[in-house]
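Only one structure is covered here, and it is reproduced in the block below.
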Amino acid sequence: MDKTNEMNTSVGGLLPFDPIVLLRDVAKRWLVIVLVALILGTGAYISTDMSYKPVYKTSTTFVVTSRGSSTTVYSNLSSTSSLANLFTGLLNSSIMRKTVAQEMGVSGFDGTISTAVIPNTNLITMTVTASDPRTAFLVAQTLIDHHEELTYQVVDGILLEVLQYPTVPIAPSNYANASGEMKDMMFMGAVATAVVLAVLSFMRDAVRSGTEAKEKLDCDFLGEIPHEQKYKTVFARLSRRKTSILITNPVTSFHFVETIRKLRRRVEQHMDGGKVLMVSSLLENEGKSTVAVNLALAMAQKHKRVLLIDCDLRKPACHAVLDQQKFTSGIKEVLQNKASLSDSILRYKKTNLYMLLAKKGDRNVGDLIASDRMNALLDWARESFDFIILDLPPMSAASDTEGMANLADACLMVVRQNAAVAPALNKAIASLEGHSAKMLGCVLNNVYSTRLSSGTGYGYGYGYGYGGYKKYYGHYGNYASGGSRK
């Protein structure tokens with residue numbers, strides 16, 4: 001690769017590609033994240049609700065005093081501290097539980113009994129928990145009635161008096177937080193799904209930066225075309241009115257315009273005197289038509305007579321990019337001998353750009369593009385124009401690019417950032433070898449980047465599929481009967 005002919009966009013960034021690429025890739029799959037979060041959240045809600053067991057709690061407060069007339073506050077506090085742990089063990093002993101069960105007329109109970117000292121006092125709080133409020137209350141009351149029988153035998157000289165009697169609990173002490181569990185699980189599920197998607201996106205062998213294009217693709221890298229906003233105003237966004245991204249449009253960013261002009265210079269350097277350039281891509285919606293149109297406009301700005309031919313007869317888009325709707329015949333009619341060249345060639349706004357467009361998509365074009373009439377048309381164009389640009393269909397959708405490879409002089413591959421994988425791109429590039437058309441290289445399109453990336457922050461976004469043209473090549477049949485825009 002000739003390093004001097006590259007559009008060097010590297011500024012020594014921190015990463016080989018920008019993290020925003022992964023973020024955008026994850027954001028495009030927001031529906032997957034939402035579905036996973038909803039499924040996990042619903043599962044957590046059902047599981048929590050089904051496993052929820054209410055617990056009822058009631059409390060009793062005892063005053064601890066030492067027997068005898070000479071007791072002091074200090075001795076009472078000391079007695080309370082020494083009694084706390086011992087009292088808990090006594091209340092939970094098998095003897096006390098058996099006594100409680102006999103008093104209640106049951107074989108046993110599933111509750112818990114605990115005690116705690118209120119700091120800096122001679123008060124002990126006894127808490128009884130059970131699965132129903134009645135059991136909790138009866139256990140507490142039974143313990144009050146019989147605690148002296150056991151404590152008197154074990155701890156002599158200490159007196160326990162009830163300060164606050166238990167009440168029947170009216171609500172469970174443990175809150176059934178199924179909604180909270182659902183929200184937590186939805187959040188964790190969404191985060192985990194986003195991380196997995198980001199990892200899968202990172203592991204894809206796609207081309208996400210100029211650095212990766214140079215490393216992964218078997219062709220020269222001609223530069224990056226930045227993302228350009230397709231909605232120029234808030235009103236345009238609300239009304240979904242896309243603006244064609246053209247270097248002749250005053251609202252198009254200066255950065256985008258300069259990038260196209262740099263691409264024009266690289267193409268001129270690589271053409272070696274050739275005139276006919278094919279512009280293609282591997283996948284649909286990689287922006288080849290917008291690149292072809294703007295490259296033609298850039299060529300025409302150098303006072304050259306440029307002819308743009310929309311050879312994507314299955315899904316023509318150049319007329320939509322250029323906002324050319326008022327024509328009755330185009331390239332298809334010329335090749336079918338249904339119209340003359342003089343009636344079909346258009347001139348774009350008093351510039352040096354001339355156009356052979358197509359309006360109505362047709363899947364039944366067969367070998368019309370690579371026909372003898374197309375060869376004759378190109379021979380005439382070579383004599384009449386300084387530069388000819390052909391907008392070809394995506395290589396994954398049609399074989400027109402390979403069919404035209406012996407009629408053109410060179411080919412430019414448009415690669416949208418993080419779209420096609422590198423092995424598939426290299427296979428498409430290899431399929432053009434052995435033909436007369438020279439592979440100039442690739443241009444990385446629709447590039448999102450920030451200061452973290454290795455690029456200069458180029459970006460470019462346009463409204464792929466203007467109006468009704470945003471359809472996949474698998475739906476070519478939709479254009480056979482009514483795909484034209486009027």
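In the structure tokens, each chain is lettered A, B, ... as it comes, each chain's residues begin at 1, and ligands are numbered from 1 in order of appearance.
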* Asked: What's the 7 Å shell around Asp409 of chain A, counting only C-alpha atoms, without same-chain residues fewer than 2 positions away, as a ChimeraX atom specification?
  -> /A:274-277,407,436-438
* Pick out the residues sitting within 12 Å of segment 370-385 of chain A, and hand them over as a VMD selection string; count only C-alpha atoms, and ignore anything fewer than 5 positions along from it in its own chain. => chain A and resid 273 to 277 299 to 300 303 to 309 311 to 313 331 to 337 340 to 341 345 352 to 356 365 390 392 398 to 409
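When the distance limit is 8 Å and only C-alpha atoms are what count, the residues near Ala419 of chain A, minus those fewer than 4 positions from it on the same chain, are Ala206, Val207, Leu283, Glu286 and Val415 of chain A.
By only C-alpha atoms, and with residues fewer than 5 positions from Val414 of chain A along its chain excluded, the set lying at most 10 Å from it is Glu224, Ile225, Val279, Ser280, Ser281, Leu282, Leu283, Glu286, Gly287, Lys288, Ser289, Val291, Ala292, Pro394, Gly441, Cys442, Val443, Leu444, Asn445 and Asn446 of chain A.
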Could those selected residues go to a file with N, CA and C atoms, as a PDB file, in the first residue's frame?
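Result file follows (result.pdb):
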ATOM      1  N   GLU A 224     -11.809   8.498   5.589  1.00  0.00           N
ATOM      2  CA  GLU A 224     -13.056   8.393   6.332  1.00  0.00           C
ATOM      3  C   GLU A 224     -13.987   9.541   5.960  1.00  0.00           C
ATOM      4  N   ILE A 225     -15.252   9.239   5.857  1.00  0.00           N
ATOM      5  CA  ILE A 225     -16.275  10.258   5.619  1.00  0.00           C
ATOM      6  C   ILE A 225     -17.111  10.369   6.884  1.00  0.00           C
ATOM      7  N   VAL A 279     -18.766   2.910  -8.308  1.00  0.00           N
ATOM      8  CA  VAL A 279     -18.902   3.069  -6.854  1.00  0.00           C
ATOM      9  C   VAL A 279     -19.887   2.012  -6.378  1.00  0.00           C
ATOM     10  N   SER A 280     -19.426   1.138  -5.499  1.00  0.00           N
ATOM     11  CA  SER A 280     -20.282   0.067  -5.021  1.00  0.00           C
ATOM     12  C   SER A 280     -20.043  -0.154  -3.528  1.00  0.00           C
ATOM     13  N   SER A 281     -20.760  -1.120  -2.981  1.00  0.00           N
ATOM     14  CA  SER A 281     -20.617  -1.497  -1.574  1.00  0.00           C
ATOM     15  C   SER A 281     -20.957  -2.974  -1.464  1.00  0.00           C
ATOM     16  N   LEU A 282     -20.707  -3.526  -0.311  1.00  0.00           N
ATOM     17  CA  LEU A 282     -21.069  -4.924  -0.111  1.00  0.00           C
ATOM     18  C   LEU A 282     -22.529  -5.062   0.301  1.00  0.00           C
ATOM     19  N   LEU A 283     -22.953  -4.230   1.238  1.00  0.00           N
ATOM     20  CA  LEU A 283     -24.301  -4.314   1.773  1.00  0.00           C
ATOM     21  C   LEU A 283     -25.147  -3.131   1.336  1.00  0.00           C
ATOM     22  N   GLU A 286     -25.190   1.367   2.859  1.00  0.00           N
ATOM     23  CA  GLU A 286     -23.861   1.790   3.293  1.00  0.00           C
ATOM     24  C   GLU A 286     -23.522   3.192   2.788  1.00  0.00           C
ATOM     25  N   GLY A 287     -24.422   3.795   2.016  1.00  0.00           N
ATOM     26  CA  GLY A 287     -24.242   5.174   1.593  1.00  0.00           C
ATOM     27  C   GLY A 287     -23.506   5.360   0.284  1.00  0.00           C
ATOM     28  N   LYS A 288     -23.456   4.332  -0.545  1.00  0.00           N
ATOM     29  CA  LYS A 288     -22.709   4.434  -1.800  1.00  0.00           C
ATOM     30  C   LYS A 288     -23.292   5.482  -2.739  1.00  0.00           C
ATOM     31  N   SER A 289     -24.623   5.604  -2.785  1.00  0.00           N
ATOM     32  CA  SER A 289     -25.240   6.566  -3.704  1.00  0.00           C
ATOM     33  C   SER A 289     -24.904   7.995  -3.306  1.00  0.00           C
ATOM     34  N   VAL A 291     -22.255   8.944  -1.618  1.00  0.00           N
ATOM     35  CA  VAL A 291     -20.832   9.126  -1.924  1.00  0.00           C
ATOM     36  C   VAL A 291     -20.631   9.345  -3.413  1.00  0.00           C
ATOM     37  N   ALA A 292     -21.302   8.555  -4.237  1.00  0.00           N
ATOM     38  CA  ALA A 292     -21.165   8.695  -5.691  1.00  0.00           C
ATOM     39  C   ALA A 292     -21.630  10.071  -6.157  1.00  0.00           C
ATOM     40  N   PRO A 394     -25.367  -2.936  -4.486  1.00  0.00           N
ATOM     41  CA  PRO A 394     -24.509  -3.649  -3.530  1.00  0.00           C
ATOM     42  C   PRO A 394     -24.122  -5.027  -4.075  1.00  0.00           C
ATOM     43  N   GLY A 441      -9.614   1.220  -3.937  1.00  0.00           N
ATOM     44  CA  GLY A 441      -9.558   1.088  -2.489  1.00  0.00           C
ATOM     45  C   GLY A 441     -10.936   1.290  -1.893  1.00  0.00           C
ATOM     46  N   CYS A 442     -10.957   1.486  -0.596  1.00  0.00           N
ATOM     47  CA  CYS A 442     -12.228   1.666   0.110  1.00  0.00           C
ATOM     48  C   CYS A 442     -12.230   2.999   0.841  1.00  0.00           C
ATOM     49  N   VAL A 443     -13.424   3.480   1.077  1.00  0.00           N
ATOM     50  CA  VAL A 443     -13.619   4.671   1.900  1.00  0.00           C
ATOM     51  C   VAL A 443     -14.563   4.287   3.027  1.00  0.00           C
ATOM     52  N   LEU A 444     -14.188   4.601   4.256  1.00  0.00           N
ATOM     53  CA  LEU A 444     -15.007   4.283   5.428  1.00  0.00           C
ATOM     54  C   LEU A 444     -16.040   5.378   5.609  1.00  0.00           C
ATOM     55  N   ASN A 445     -17.304   4.973   5.601  1.00  0.00           N
ATOM     56  CA  ASN A 445     -18.398   5.932   5.547  1.00  0.00           C
ATOM     57  C   ASN A 445     -19.181   5.970   6.864  1.00  0.00           C
ATOM     58  N   ASN A 446     -19.845   7.109   7.080  1.00  0.00           N
ATOM     59  CA  ASN A 446     -20.729   7.289   8.236  1.00  0.00           C
ATOM     60  C   ASN A 446     -19.973   7.072   9.545  1.00  0.00           C
TER      61      ASN A 446
END
* Just the strand (DSSP E) stuff from segment 11-210 of chain A, please, per backbone DSSP, written as a PyMOL selection string. => chain A and resi 56-66+112-117+123-130+158-164
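Closest approach to Ala397 of chain A among A:Asn120, A:Ser93, A:Asn285, A:Ser51: A:Asn285, based on only C-alpha atoms.
A straight line drawn from atom CA of Asn249 of chain A to atom CA of Thr450 of chain A is 25.1 Å long.
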